[in-house]
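> A single structure is presented below for examination.
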Amino acid sequence: MIPAGSVFAFLAEHRRALFPPETFADMYAPVNGRPSVPPGLLATVVVLQALHGLSDEEAVAALRFDLRWKAACGLSLYDQGFDPSLLTYFRRRLGRSSDPDRIFQTVRAVVEQTGVLAGRTRRALDSAVLLDAVATQDTITQLIAAIRRVARQVPGASALVAAHCHAHDYTDPGKPKIAWDDEQAKNALVSGLVTDALTLLDHLAGQDLDGPAAGAVGLLALIAGQDVEPADDSDGTDGRWRIARRTAPDRIISTVDPQARHIHKSGQQRDDGYKAHLAVEPESGLFTAVALRPGAGAAHHEAAVAPDLLATERGVLQILADAAYAAAELRATLTDAGHRLLIKPPALKPAVPGGFTLDDFGIDAGAGTVTCPAGHTVPLAATGGRYQQRRATFTRLCAACPLRDRCTTAKTGRVVTIRPHHDLQAAARHQAATDPAWQDDYRRWRPMVERAVAWLVARGNRRLRYRGTAANDRWLHHRAAALNLRRLINLGLTHTNGIWALKPITA
């Protein structure tokens, strides 16, 4: 009844070897006896749940009524399983333990013991947008929700709200009843809500608050300032505000999940949620590392997360990635580590359509000179500015230059700016454009990561089920562990005499 070679059949035979009791021993107090439900059973359910994209209730229902799940978890025909809340408690224990990602690490140890990655030194890096589990809120909804949260979580704040905040009935979670097509009425409401928020913050200033209360006050302070600006002819001191005509960087989009963000994966793709950062061995399709981060902010950019994905790797690698990973600092770090890089450099944009790009200039950073396509040479200025750039100015030489129309539209002439590691980036662009071996390897191996991304988001798993970075990062690791386990089983995973190995599958 259980399909041979399936994840269910494998877990039915090997779940105890995969998840022995000692794997989770540190999560439970030894003086209180063993857990009412064995953690190995809970881990097995978590793996199957992540593999099939089920909620806690759906997973426990499958455990009760699906014979495949019963066999995989070692339950008898009439065993009713357990309450779904136990899965919540188990994930919470994992999160508070010394190794929250131990299920992923357990499967990773199996991968290493099989030797499936031995000699396979390619790693493809990519990221995927995962949609958040909450609704994106507008400015007014967020202001009301943030004030209500402070009233609930800060001692004495509810009395302050009742006494000093009058723009809305904050016992009502809904939106105020106004004429929403009346811009003046809407601005008056925004002004009142912002004034209430600032008044409440002023009364709470200086108080020694605990974690949840301090978090609620901090969230209100962020919400009160991120989306509003003083009204016309106002500096804000008169209490007149309006919704700003711009989107704040790193904008909070929901008070229900303050860590979710707007995501611009490309000029056309705009979503709300998080990014899953992935490192994949492209030949086998196995995930070697994963990480979930907020979808915006320099600290969560692909190039900033990449070193974390490669931190546990040993030896020299061939790293494949798209232009999101082409930052000069990352390229320099990986080059210094001795890795071979197949990271696609972004195309240079000419100042004039069809005209000269930066690579058409002869740049000698060592000598400190730049020569333009017309043959004029000027010195590079000293390093300076936020990005430690150097500039070469051709202003007077451009006036009578016959190539001006192909070089610049600036009235004062062309200014060439280079940043640190310019030579490294220029060499990468040249190699990508002219090296057939580089091009063949990139075309052959880089697309394989898209297959892994497709596996990751299949069965509705692009939509997250949890709130916050930590909970969703734990889910991502469980999902990757389940997919890795399924892939190993398809490659012939066996367990004999305490050793994990791959046995070739014969027809």
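Chain labels follow the order of the structure tokens: the first chain is A, the next B, and so on; residue numbering restarts at 1 in every chain, and ligands are counted from 1 in their shown order.
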Please, which residues of region 277-321 of chain A, numbered as in this document, come out strand (DSSP E) from DSSP, as number ranges by chain?

A: 277-281, 286-294, 318-321

> Would you output that residue set with C-alpha atoms, as a CSV table (one decimal), in the first residue's frame?


chain,number,residue,atom,x,y,z
A,277,HIS,CA,18.5,33.0,-0.2
A,278,LEU,CA,19.7,29.7,-1.5
A,279,ALA,CA,23.0,27.8,-2.2
A,280,VAL,CA,22.5,24.8,-4.4
A,281,GLU,CA,24.8,22.1,-5.9
A,286,LEU,CA,20.7,19.6,-3.2
A,287,PHE,CA,20.4,22.7,-1.1
A,288,THR,CA,23.7,23.2,0.7
A,289,ALA,CA,22.6,26.3,2.7
A,290,VAL,CA,19.5,28.4,3.0
A,291,ALA,CA,18.6,31.6,4.8
A,292,LEU,CA,15.5,33.7,5.0
A,293,ARG,CA,15.8,37.5,5.3
A,294,PRO,CA,13.5,40.6,5.1
A,318,GLN,CA,33.1,27.4,-8.6
A,319,ILE,CA,30.4,29.9,-7.8
A,320,LEU,CA,27.6,30.6,-10.2
A,321,ALA,CA,25.2,33.6,-9.7

> For the atom pair CA of Thr121 (chain A) and CA of Val316 (chain A), what is the interatomic distance in Å to one decimal place?

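Distance reported for this atom pair: 7.2 Å.
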
> Would you tabulate, counting only C-alpha atoms, all residues of region 74-159 of chain A that have an atom at most 12 Å from an atom of region 326-344 of chain A, showing the closest pair of atoms and their distance in Å to one decimal, sorted by chain then ascending number, as a Markdown table?


| residue | atom | partner | partner_atom | distance |
| --- | --- | --- | --- | --- |
| A:Thr121 | CA | A:His339 | CA | 9.8 |
| A:Arg122 | CA | A:Arg340 | CA | 9.3 |
| A:Arg123 | CA | A:Leu342 | CA | 10.0 |
| A:Ala124 | CA | A:Leu342 | CA | 9.2 |
| A:Leu125 | CA | A:Ile343 | CA | 9.3 |
| A:Asp126 | CA | A:Ile343 | CA | 10.9 |

> For region 145-150 of chain A, list every protein, DNA or RNA residue within 8 Å, evaluated using only C-alpha atoms, and leave out those in the same chain fewer than 5 positions away; present the list as a PyMOL selection string.

chain A and resi 157-158+161+170-171+173+197+213+216-217+219-220+223+255

> Using only C-alpha atoms, which residue out of A:Ala480, A:Ala471, A:Ile253, A:Ala276 lies closest to Gly95 (chain A)?

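Of all the options, A:Ala471 lies closest to Gly95 (chain A).
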
> With a distance cut-off of 8 Å and only C-alpha atoms, select the neighbouring residues of region 259-264 of chain A, excluding the residue or stretch itself and same-chain residues fewer than 5 positions from it, and output the selection as a list in words.

Val129, Asp132, Asp250, Arg251, Ile252, Ile253, Ser254, Gln269, Arg270, Asp271, Asp272, Gly273, Tyr274, Pro294, Gly295, Ala296, Gly468 and Thr469 of chain A

> If you keep all heavy atoms, can you produce a file of those selected residues as a compact mmCIF listing (two decimals), in the first residue's frame?


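Once written, result-v4.txt looks like this:
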# COMPACT_ATOMS: atom_id res chain seq x y z
N VAL A 129 11.51 35.19 -4.01
CA VAL A 129 10.56 35.96 -3.22
C VAL A 129 9.54 35.01 -2.59
O VAL A 129 8.97 34.15 -3.28
CB VAL A 129 9.84 36.99 -4.10
CG1 VAL A 129 8.72 37.68 -3.32
CG2 VAL A 129 10.82 38.01 -4.64
N ASP A 132 4.38 37.19 2.13
CA ASP A 132 4.10 37.16 3.57
C ASP A 132 2.71 36.60 3.85
O ASP A 132 1.88 36.43 2.95
CB ASP A 132 4.27 38.55 4.19
CG ASP A 132 3.40 39.60 3.52
OD1 ASP A 132 2.34 39.25 2.99
OD2 ASP A 132 3.79 40.78 3.52
N ASP A 250 12.93 50.83 3.31
CA ASP A 250 12.75 49.85 4.37
C ASP A 250 11.42 50.05 5.11
O ASP A 250 11.32 49.89 6.33
CB ASP A 250 13.92 49.92 5.36
CG ASP A 250 14.12 48.62 6.12
OD1 ASP A 250 13.75 47.57 5.60
OD2 ASP A 250 14.64 48.68 7.26
N ARG A 251 10.38 50.37 4.36
CA ARG A 251 9.07 50.69 4.93
C ARG A 251 8.42 49.48 5.59
O ARG A 251 8.39 48.38 5.04
CB ARG A 251 8.14 51.22 3.84
CG ARG A 251 6.74 51.55 4.34
CD ARG A 251 5.84 52.07 3.23
NE ARG A 251 4.53 52.45 3.75
CZ ARG A 251 3.48 51.64 3.81
NH1 ARG A 251 3.59 50.40 3.34
NH2 ARG A 251 2.33 52.06 4.30
N ILE A 252 7.91 49.66 6.81
CA ILE A 252 7.09 48.65 7.47
C ILE A 252 5.74 48.62 6.76
O ILE A 252 5.11 49.66 6.55
CB ILE A 252 6.91 48.97 8.95
CG1 ILE A 252 8.26 48.90 9.66
CG2 ILE A 252 5.91 48.03 9.61
CD1 ILE A 252 8.22 49.38 11.10
N ILE A 253 5.29 47.43 6.36
CA ILE A 253 4.07 47.34 5.57
C ILE A 253 2.89 46.76 6.35
O ILE A 253 1.77 46.75 5.86
CB ILE A 253 4.29 46.50 4.30
CG1 ILE A 253 4.67 45.06 4.66
CG2 ILE A 253 5.36 47.14 3.43
CD1 ILE A 253 4.77 44.14 3.46
N SER A 254 3.15 46.30 7.58
CA SER A 254 2.07 45.74 8.38
C SER A 254 2.48 45.72 9.85
O SER A 254 3.60 45.30 10.17
CB SER A 254 1.73 44.32 7.92
OG SER A 254 0.81 43.71 8.81
N GLN A 269 8.68 43.08 -11.28
CA GLN A 269 8.16 42.21 -10.21
C GLN A 269 8.19 42.94 -8.87
O GLN A 269 9.26 43.23 -8.34
CB GLN A 269 8.98 40.92 -10.12
CG GLN A 269 8.46 39.95 -9.06
CD GLN A 269 9.32 38.72 -8.93
OE1 GLN A 269 10.24 38.49 -9.73
NE2 GLN A 269 9.05 37.90 -7.93
N ARG A 270 7.02 43.21 -8.33
CA ARG A 270 6.91 43.88 -7.04
C ARG A 270 5.97 43.08 -6.14
O ARG A 270 4.83 42.84 -6.48
CB ARG A 270 6.40 45.32 -7.23
CG ARG A 270 7.30 46.14 -8.14
CD ARG A 270 6.95 47.60 -8.13
NE ARG A 270 7.88 48.38 -8.93
CZ ARG A 270 7.98 49.70 -8.92
NH1 ARG A 270 7.17 50.40 -8.14
NH2 ARG A 270 8.87 50.33 -9.67
N ASP A 271 6.49 42.69 -4.98
CA ASP A 271 5.74 41.85 -4.06
C ASP A 271 5.97 42.34 -2.63
O ASP A 271 6.76 43.25 -2.39
CB ASP A 271 6.17 40.39 -4.18
CG ASP A 271 5.92 39.81 -5.56
OD1 ASP A 271 4.75 39.66 -5.92
OD2 ASP A 271 6.91 39.52 -6.27
N ASP A 272 5.30 41.69 -1.69
CA ASP A 272 5.48 41.98 -0.27
C ASP A 272 5.83 40.69 0.45
O ASP A 272 5.17 39.66 0.26
CB ASP A 272 4.20 42.57 0.34
CG ASP A 272 3.84 43.92 -0.25
OD1 ASP A 272 4.77 44.64 -0.63
OD2 ASP A 272 2.65 44.24 -0.33
N GLY A 273 6.84 40.73 1.29
CA GLY A 273 7.20 39.54 2.05
C GLY A 273 8.66 39.46 2.40
O GLY A 273 9.24 40.40 2.93
N TYR A 274 9.27 38.31 2.07
CA TYR A 274 10.65 38.02 2.45
C TYR A 274 11.39 37.45 1.23
O TYR A 274 10.78 37.12 0.22
CB TYR A 274 10.70 36.99 3.58
CG TYR A 274 10.08 37.47 4.87
CD1 TYR A 274 8.71 37.39 5.10
CD2 TYR A 274 10.88 37.99 5.88
CE1 TYR A 274 8.15 37.83 6.29
CE2 TYR A 274 10.33 38.42 7.08
CZ TYR A 274 8.96 38.35 7.28
OH TYR A 274 8.41 38.78 8.45
N PRO A 294 14.49 39.58 5.56
CA PRO A 294 13.52 40.57 5.07
C PRO A 294 13.83 40.94 3.62
O PRO A 294 14.97 40.84 3.15
CB PRO A 294 13.73 41.76 6.01
CG PRO A 294 14.23 41.15 7.28
CD PRO A 294 15.09 39.99 6.85
N GLY A 295 12.81 41.37 2.91
CA GLY A 295 12.95 41.58 1.47
C GLY A 295 13.60 42.87 1.06
O GLY A 295 13.75 43.13 -0.14
N ALA A 296 13.96 43.74 1.99
CA ALA A 296 14.58 45.03 1.64
C ALA A 296 15.65 45.36 2.67
O ALA A 296 15.68 44.80 3.76
CB ALA A 296 13.52 46.13 1.61
N GLY A 468 7.15 36.92 10.93
CA GLY A 468 8.47 37.18 11.47
C GLY A 468 9.57 36.40 10.77
O GLY A 468 9.35 35.32 10.23
N THR A 469 10.76 36.97 10.80
CA THR A 469 11.90 36.36 10.12
C THR A 469 12.27 35.02 10.73
O THR A 469 12.53 34.05 10.01
CB THR A 469 13.10 37.32 10.17
OG1 THR A 469 12.75 38.57 9.57
CG2 THR A 469 14.29 36.74 9.43

> Using DSSP on the backbone coordinates, identify the residues of region 281-436 of chain A assigned to alpha helix (DSSP H); present them as a count of residues only.

35

> Could you check the closest approach to Ala323 (chain A) for each of A:Arg68, A:Lys186, A:Arg474, A:Gln425 and tell me which residue wins, using only C-alpha atoms?

A:Gln425

> Need the shell around Thr199 (chain A): protein/DNA/RNA residues with any atom at most 10 Å away, counting only C-alpha atoms. Skip same-chain ones fewer than 3 positions apart. Format as a PyMOL selection string?

chain A and resi 160-161+164-165+193-196+202-204

> Excluding same-chain residues fewer than 4 positions from Ala381 (chain A), what lies within 10 Å of it counting only C-alpha atoms, as a list in words?

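My reading of the contact set: Gly368, Thr369, Gln389, Arg390, Arg391, Ala392, Thr393 and Thr417 of chain A.
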
> Looking at A:Leu424, A:Ile499, A:Ala458, A:Gly206, which one is nearest to Arg479 (chain A), with distances taken over only C-alpha atoms?

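Result for the nearest residue to Arg479 (chain A): A:Ala458.
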
> Residues within 7 Å of region 487-496 of chain A, please, as a ChimeraX atom specification. Count only C-alpha atoms; anything in the same chain fewer than 5 positions from it doesn't count.

/A:5,7,501-505
